[in-house]
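Shown next: protein-v3.cif, containing mmCIF, C-alpha atoms.
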```cif
data_start
#
loop_
_atom_site.label_atom_id
_atom_site.label_comp_id
_atom_site.auth_asym_id
_atom_site.auth_seq_id
_atom_site.Cartn_x
_atom_site.Cartn_y
_atom_site.Cartn_z
CA MET A 1 0.51 -16.03 14.71
CA GLY A 2 -1.48 -15.33 11.55
CA LYS A 3 -0.69 -16.66 8.09
CA ALA A 4 2.73 -16.75 6.47
CA SER A 5 3.61 -14.69 3.37
CA GLY A 6 5.53 -15.51 0.22
CA TYR A 7 5.95 -14.08 -3.28
CA ILE A 8 4.35 -14.80 -6.65
CA ASN A 9 5.46 -13.87 -10.16
CA THR A 10 3.42 -12.01 -12.78
CA LYS A 11 1.76 -15.29 -13.79
CA GLY A 12 0.47 -15.83 -10.27
CA GLU A 13 2.91 -18.68 -9.64
CA LEU A 14 4.38 -19.06 -6.15
CA VAL A 15 8.14 -18.54 -6.56
CA ILE A 16 9.15 -17.90 -2.94
CA PRO A 17 7.27 -20.13 -0.45
CA TYR A 18 4.97 -18.94 2.33
CA ARG A 19 7.48 -18.78 5.16
CA TYR A 20 7.71 -15.17 6.31
CA SER A 21 5.87 -13.47 9.13
CA SER A 22 6.27 -10.04 7.48
CA THR A 23 7.41 -8.90 4.04
CA SER A 24 8.05 -5.73 2.06
CA ASP A 25 7.87 -5.13 -1.67
CA PHE A 26 10.93 -5.96 -3.74
CA SER A 27 13.03 -2.94 -4.65
CA GLU A 28 16.42 -2.96 -6.35
CA GLY A 29 16.41 -6.75 -6.28
CA MET A 30 15.86 -7.18 -2.54
CA ALA A 31 13.02 -7.31 -0.04
CA ALA A 32 12.91 -6.90 3.74
CA VAL A 33 11.44 -9.92 5.55
CA MET A 34 10.78 -11.17 9.06
CA ILE A 35 11.04 -14.94 9.26
CA ALA A 36 9.56 -15.57 12.71
CA PHE A 37 6.78 -13.53 14.30
CA GLY A 38 8.28 -10.97 16.67
CA GLY A 39 11.77 -11.60 15.31
CA LYS A 40 14.26 -9.45 13.43
CA TYR A 41 14.21 -8.24 9.83
CA GLY A 42 16.72 -9.21 7.16
CA TYR A 43 16.78 -9.12 3.35
CA ILE A 44 16.28 -11.72 0.62
CA ASP A 45 16.92 -11.59 -3.12
CA THR A 46 14.41 -12.50 -5.85
CA THR A 47 15.29 -16.20 -5.56
CA GLY A 48 14.46 -16.21 -1.84
CA LYS A 49 18.09 -16.46 -0.79
CA LEU A 50 18.88 -14.64 2.45
CA ARG A 51 21.33 -11.86 1.61
CA ILE A 52 21.40 -9.87 4.85
CA THR A 53 21.03 -11.74 8.13
CA PRO A 54 17.98 -10.74 10.22
CA ARG A 55 19.21 -8.29 12.85
CA TYR A 56 17.03 -5.18 12.54
CA ASP A 57 13.98 -4.25 14.60
CA HIS A 58 12.44 -2.88 11.40
CA ALA A 59 13.64 -2.53 7.82
CA THR A 60 12.41 -0.82 4.65
CA PRO A 61 12.89 -1.39 0.89
CA PHE A 62 16.08 -0.21 -0.81
CA SER A 63 16.13 3.11 -2.63
CA ASN A 64 19.19 4.69 -4.26
CA GLY A 65 21.25 1.73 -3.02
CA ALA A 66 20.39 2.36 0.64
CA ALA A 67 17.72 1.13 3.05
CA VAL A 68 16.42 2.62 6.28
CA VAL A 69 16.72 0.26 9.25
CA TYR A 70 15.60 0.64 12.86
CA VAL A 71 17.74 -0.61 15.73
CA ASN A 72 17.43 0.12 19.46
CA GLY A 73 15.11 3.06 18.96
CA LYS A 74 17.10 4.82 16.22
CA TYR A 75 17.11 4.84 12.41
CA GLY A 76 20.17 4.38 10.21
CA TYR A 77 21.03 3.40 6.64
CA ILE A 78 22.65 0.24 5.25
CA ASP A 79 24.03 -0.78 1.86
CA LYS A 80 23.16 -3.99 0.00
CA LYS A 81 25.81 -5.94 1.88
CA GLY A 82 24.31 -4.98 5.22
CA ASN A 83 27.10 -2.55 6.06
CA TYR A 84 26.12 0.71 7.70
CA LEU A 85 26.32 3.75 5.48
CA LEU A 86 25.11 5.78 8.47
CA THR A 87 24.83 4.18 11.91
CA PRO A 88 21.47 4.42 13.73
CA GLN A 89 21.29 7.98 15.05
CA PHE A 90 18.08 9.51 13.72
CA SER A 91 14.66 9.74 15.37
CA MET A 92 13.08 9.86 11.89
CA ALA A 93 14.51 8.91 8.51
CA GLN A 94 13.04 8.85 5.01
CA PRO A 95 14.42 6.90 2.02
CA PHE A 96 17.14 8.34 -0.18
CA LEU A 97 15.96 9.59 -3.56
CA GLU A 98 18.03 11.63 -5.97
CA GLY A 99 20.86 11.34 -3.46
CA LEU A 100 19.08 13.07 -0.57
CA ALA A 101 17.04 11.96 2.45
CA PHE A 102 15.02 13.90 5.03
CA VAL A 103 15.89 13.04 8.64
CA GLU A 104 15.46 14.23 12.22
CA ARG A 105 18.13 14.18 14.90
CA ASN A 106 17.96 15.81 18.34
CA GLY A 107 14.71 17.52 17.39
CA VAL A 108 16.20 19.16 14.26
CA THR A 109 15.09 18.20 10.72
CA PHE A 110 17.23 18.48 7.60
CA TYR A 111 18.23 16.78 4.34
CA ILE A 112 21.43 14.74 4.19
CA ASN A 113 23.54 13.10 1.49
CA LYS A 114 24.85 9.52 1.80
CA LYS A 115 27.86 10.73 3.76
CA GLY A 116 25.51 12.10 6.39
CA THR A 117 26.37 15.71 5.57
CA LYS A 118 23.63 18.30 6.07
CA VAL A 119 22.80 19.59 2.61
CA ILE A 120 19.50 21.43 3.10
CA GLN A 121 17.98 22.65 6.36
CA GLY A 122 15.39 25.08 7.65
CA PHE A 123 12.26 22.98 7.03
CA LYS A 124 9.99 21.49 9.68
CA ALA A 125 8.69 18.80 7.30
CA GLY A 126 9.98 17.33 4.08
CA GLY A 127 9.37 14.65 1.48
CA LEU A 128 11.09 12.86 -1.36
CA PHE A 129 12.97 14.65 -4.14
CA LYS A 130 11.53 13.81 -7.55
CA GLY A 131 12.72 15.68 -10.58
CA GLY A 132 14.62 18.11 -8.37
CA LEU A 133 11.65 19.15 -6.20
CA ALA A 134 10.45 17.92 -2.81
CA PRO A 135 7.49 18.96 -0.64
CA ALA A 136 8.64 20.92 2.40
CA GLY A 137 6.90 22.69 5.22
CA GLN A 138 7.47 25.76 7.34
CA GLY A 139 4.94 26.41 10.05
CA GLN A 140 1.48 25.18 9.04
CA ARG A 141 1.90 25.38 5.26
CA TYR A 142 3.70 23.39 2.58
CA GLY A 143 5.41 24.26 -0.68
CA TYR A 144 8.13 22.70 -2.84
CA THR A 145 11.86 23.12 -2.52
CA SER A 146 14.95 22.52 -4.61
CA GLY A 147 17.05 23.74 -1.68
CA ARG A 148 15.05 26.96 -1.59
CA PHE A 149 11.32 27.35 -2.06
CA VAL A 150 10.48 27.19 -5.76
CA ILE A 151 6.74 26.92 -5.05
CA LYS A 152 5.85 28.98 -2.00
CA SER A 153 4.51 27.36 1.16
CA LYS A 154 0.79 28.07 0.90
CA PHE A 155 -0.68 24.56 0.83
CA TYR A 156 -2.30 22.87 3.81
CA TRP A 157 -0.54 19.66 2.74
CA ALA A 158 1.59 18.58 -0.23
CA ASP A 159 2.60 15.18 -1.61
CA ASP A 160 5.64 14.15 -3.65
CA PHE A 161 5.53 14.84 -7.37
CA ASN A 162 4.44 12.00 -9.62
CA GLY A 163 5.69 13.06 -13.03
CA GLU A 164 4.57 16.60 -13.72
CA LEU A 165 1.84 16.80 -11.06
CA ALA A 166 1.56 16.55 -7.28
CA VAL A 167 -1.47 16.20 -5.02
CA ILE A 168 -1.98 19.20 -2.74
CA SER A 169 -4.58 20.20 -0.17
CA LEU A 170 -6.02 23.68 0.29
CA LEU A 171 -7.77 24.47 3.56
CA VAL A 172 -11.09 26.23 2.99
CA LEU A 173 -11.20 29.44 5.02
CA ASN A 174 -13.24 29.39 8.25
CA SER A 175 -13.80 25.63 7.95
CA ARG A 176 -12.14 22.29 8.64
CA GLU A 177 -13.14 21.04 5.19
CA GLU A 178 -10.34 20.42 2.70
CA ILE A 179 -10.18 20.85 -1.04
CA ARG A 180 -7.64 18.59 -2.72
CA GLY A 181 -6.25 19.11 -6.17
CA TYR A 182 -3.15 19.02 -8.36
CA VAL A 183 -0.31 21.49 -8.81
CA ASN A 184 2.23 21.46 -11.63
CA ARG A 185 5.95 22.19 -11.41
CA SER A 186 5.47 25.88 -12.16
CA GLY A 187 3.17 26.23 -9.14
CA ALA A 188 -0.08 26.49 -11.08
CA ILE A 189 -3.09 24.68 -9.63
CA VAL A 190 -4.37 22.67 -12.58
CA TRP A 191 -7.36 21.12 -10.79
CA PRO A 192 -9.91 21.85 -9.35
CA PRO A 193 -11.06 24.83 -11.43
CA ALA A 194 -10.60 28.33 -10.04
CA SER A 195 -14.32 28.61 -9.21
CA GLU A 196 -13.92 25.91 -6.56
CA LEU A 197 -10.80 27.34 -4.91
CA PRO A 198 -10.69 29.55 -1.79
CA ASN A 199 -10.60 33.21 -2.87
CA GLY A 200 -10.30 32.05 -6.49
CA VAL A 201 -6.58 31.34 -6.16
CA THR A 202 -5.27 29.80 -9.38
CA LYS A 203 -1.49 30.27 -9.09
CA LEU A 204 0.95 30.92 -6.30
CA GLN A 205 2.50 34.35 -6.32
#
```
Re-express the file's structure as structure tokens.
Amino acid sequence: MGKASGYINTKGELVIPYRYSSTSDFSEGMAAVMIAFGGKYGYIDTTGKLRITPRYDHATPFSNGAAVVYVNGKYGYIDKKGNYLLTPQFSMAQPFLEGLAFVERNGVTFYINKKGTKVIQGFKAGGLFKGGLAPAGQGQRYGYTSGRFVIKSKFYWADDFNGELAVISLLVLNSREEIRGYVNRSGAIVWPPASELPNGVTKLQ
């Protein structure tokens, strides 16, 4: 059903034939693929060789040497040999980055290390650690945490950092309209200018 997918190199040359029903980007030398429509996901290397036999209901790219896979309604983590680092047990699981991943189990959200140990908890929502900071939410607002809030939770929404800046959203008072901008690692809103911000807020206190 539909057209098959393959992979090209930077010259636009087809290097892995059109034979997959679904594909992911390559990451850490491997990509998640579904060979037959409605089948299972496995992993190939950059030559197209199958490295991990298709056996997952869904699979994601590798990050920090681990990949999130979905089996029988639960998420777990595998290594590059297809061995489970953490068996499927989570109702939500994000990729590992900087050695930590945000997960949900039994209605409780927290950050874990690769051993599955709870490292950081107390947040309703979380994102990827980049440069020691990750977006995290309590209630209806987001800030940034290193294990504790470094930038207070006053944003309507917050994205992962990309270098020194992160995209944030400020909810305009008495309206459903949003203002989006950028915050730096010290918590200062660097754009838009103060004249366009609710109540003229320019820096979190």
| field | Chain and number of each residue from the PyMOL selection byres ((chain A and resi 82-97) around 9), as a PyMOL selection string | value | chain A and resi 42-43+51-53+60-81+98-107+109+112-116+127-130
| task | Decode the PyMOL selection byres ((chain A and resi 155) around 6) for the given file into explicit residues and return them as a list in words. | result |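 With the PyMOL selection byres ((chain A and resi 155) around 6) on this model, the match is Arg141, Tyr142, Ser153, Lys154, Tyr156, Trp157, Ser169 and Leu170 of chain A.
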| field | Among listed residues A:Arg180, A:Lys49, A:Lys3, A:Lys118, nearest A:Pro192 (using only C-alpha atoms) | value |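 The closest residue to A:Pro192 is A:Arg180.
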| query | Rounded to one decimal in Å, what is the spacing between atom CA of A:Thr46 and atom CA of A:Val15? | reply |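 Atom-to-atom, atom CA of A:Thr46 to atom CA of A:Val15, that is 8.7 Å.
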| request: Could you please determine the separation between atom CA of A:Gln121 and atom CA of A:Val190 in Å, to one decimal place? | output: 29.3 Å
| task | Translate the PyMOL selection byres ((chain A and resi 37) around 8), as applied to the file shown, into an explicit residue set as a PyMOL selection string. | result | chain A and resi 1+21-22+34-36+38-39
For the selection you just gave me, I'd like the residues written to a file as a short mmCIF file (atom, residue, chain, number, x, y, z; two decimals), keeping the file's coordinate frame, keeping C-alpha atoms.
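New file part_35.cif:
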```cif
data_model
loop_
_atom_site.label_atom_id
_atom_site.label_comp_id
_atom_site.auth_asym_id
_atom_site.auth_seq_id
_atom_site.Cartn_x
_atom_site.Cartn_y
_atom_site.Cartn_z
CA MET A 1 0.51 -16.03 14.71
CA SER A 21 5.87 -13.47 9.13
CA SER A 22 6.27 -10.04 7.48
CA MET A 34 10.78 -11.17 9.06
CA ILE A 35 11.04 -14.94 9.26
CA ALA A 36 9.56 -15.57 12.71
CA GLY A 38 8.28 -10.97 16.67
CA GLY A 39 11.77 -11.60 15.31
#
```
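The spacing separating atom CA of A:Ala158 from atom CA of A:Val108 amounts to 20.6 Å.
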| For A:Tyr7, the nearest of the candidates A:Phe26, A:Phe149, A:Phe123, A:Tyr144, counting all atoms listed in the file |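 Of A:Phe26, A:Phe149, A:Phe123, A:Tyr144, the one nearest A:Tyr7 is A:Phe26, counting all atoms listed in the file.
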Would you compute, for all listed atoms of stretch 13-31 of chain A, the axis-aligned bounding box grown by 5 Å on each side, and then report its centre and edge lengths in Å rounded to one decimal, as JSON?
```
{"center_x": 9.7, "center_y": -11.5, "center_z": -0.3, "size_x": 23.5, "size_y": 27.2, "size_z": 28.8}
```
| request: Go through A:Thr117, A:Gly137, A:Tyr41, A:Glu177 one by one, measure the shortest atom-to-atom distance of each to A:Asp159 using all atoms listed in the file, and give the residue with the smallest value. | output: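 Smallest separation from A:Asp159 among the options: A:Gly137.
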| said: I want to know what sits within 12 Å of A:Asp160, based on all atoms listed in the file, with residues of the same chain fewer than 3 positions away left out; could you give that as a list in words? | reply: Leu97, Gly126, Gly127, Leu128, Phe129, Lys130, Gly131, Gly132, Leu133, Ala134, Pro135, Ala136, Tyr142, Gly143, Tyr144, Thr145, Trp157, Gly163, Glu164, Leu165, Ala166, Val167, Ile168, Tyr182, Val183, Asn184 and Arg185 of chain A
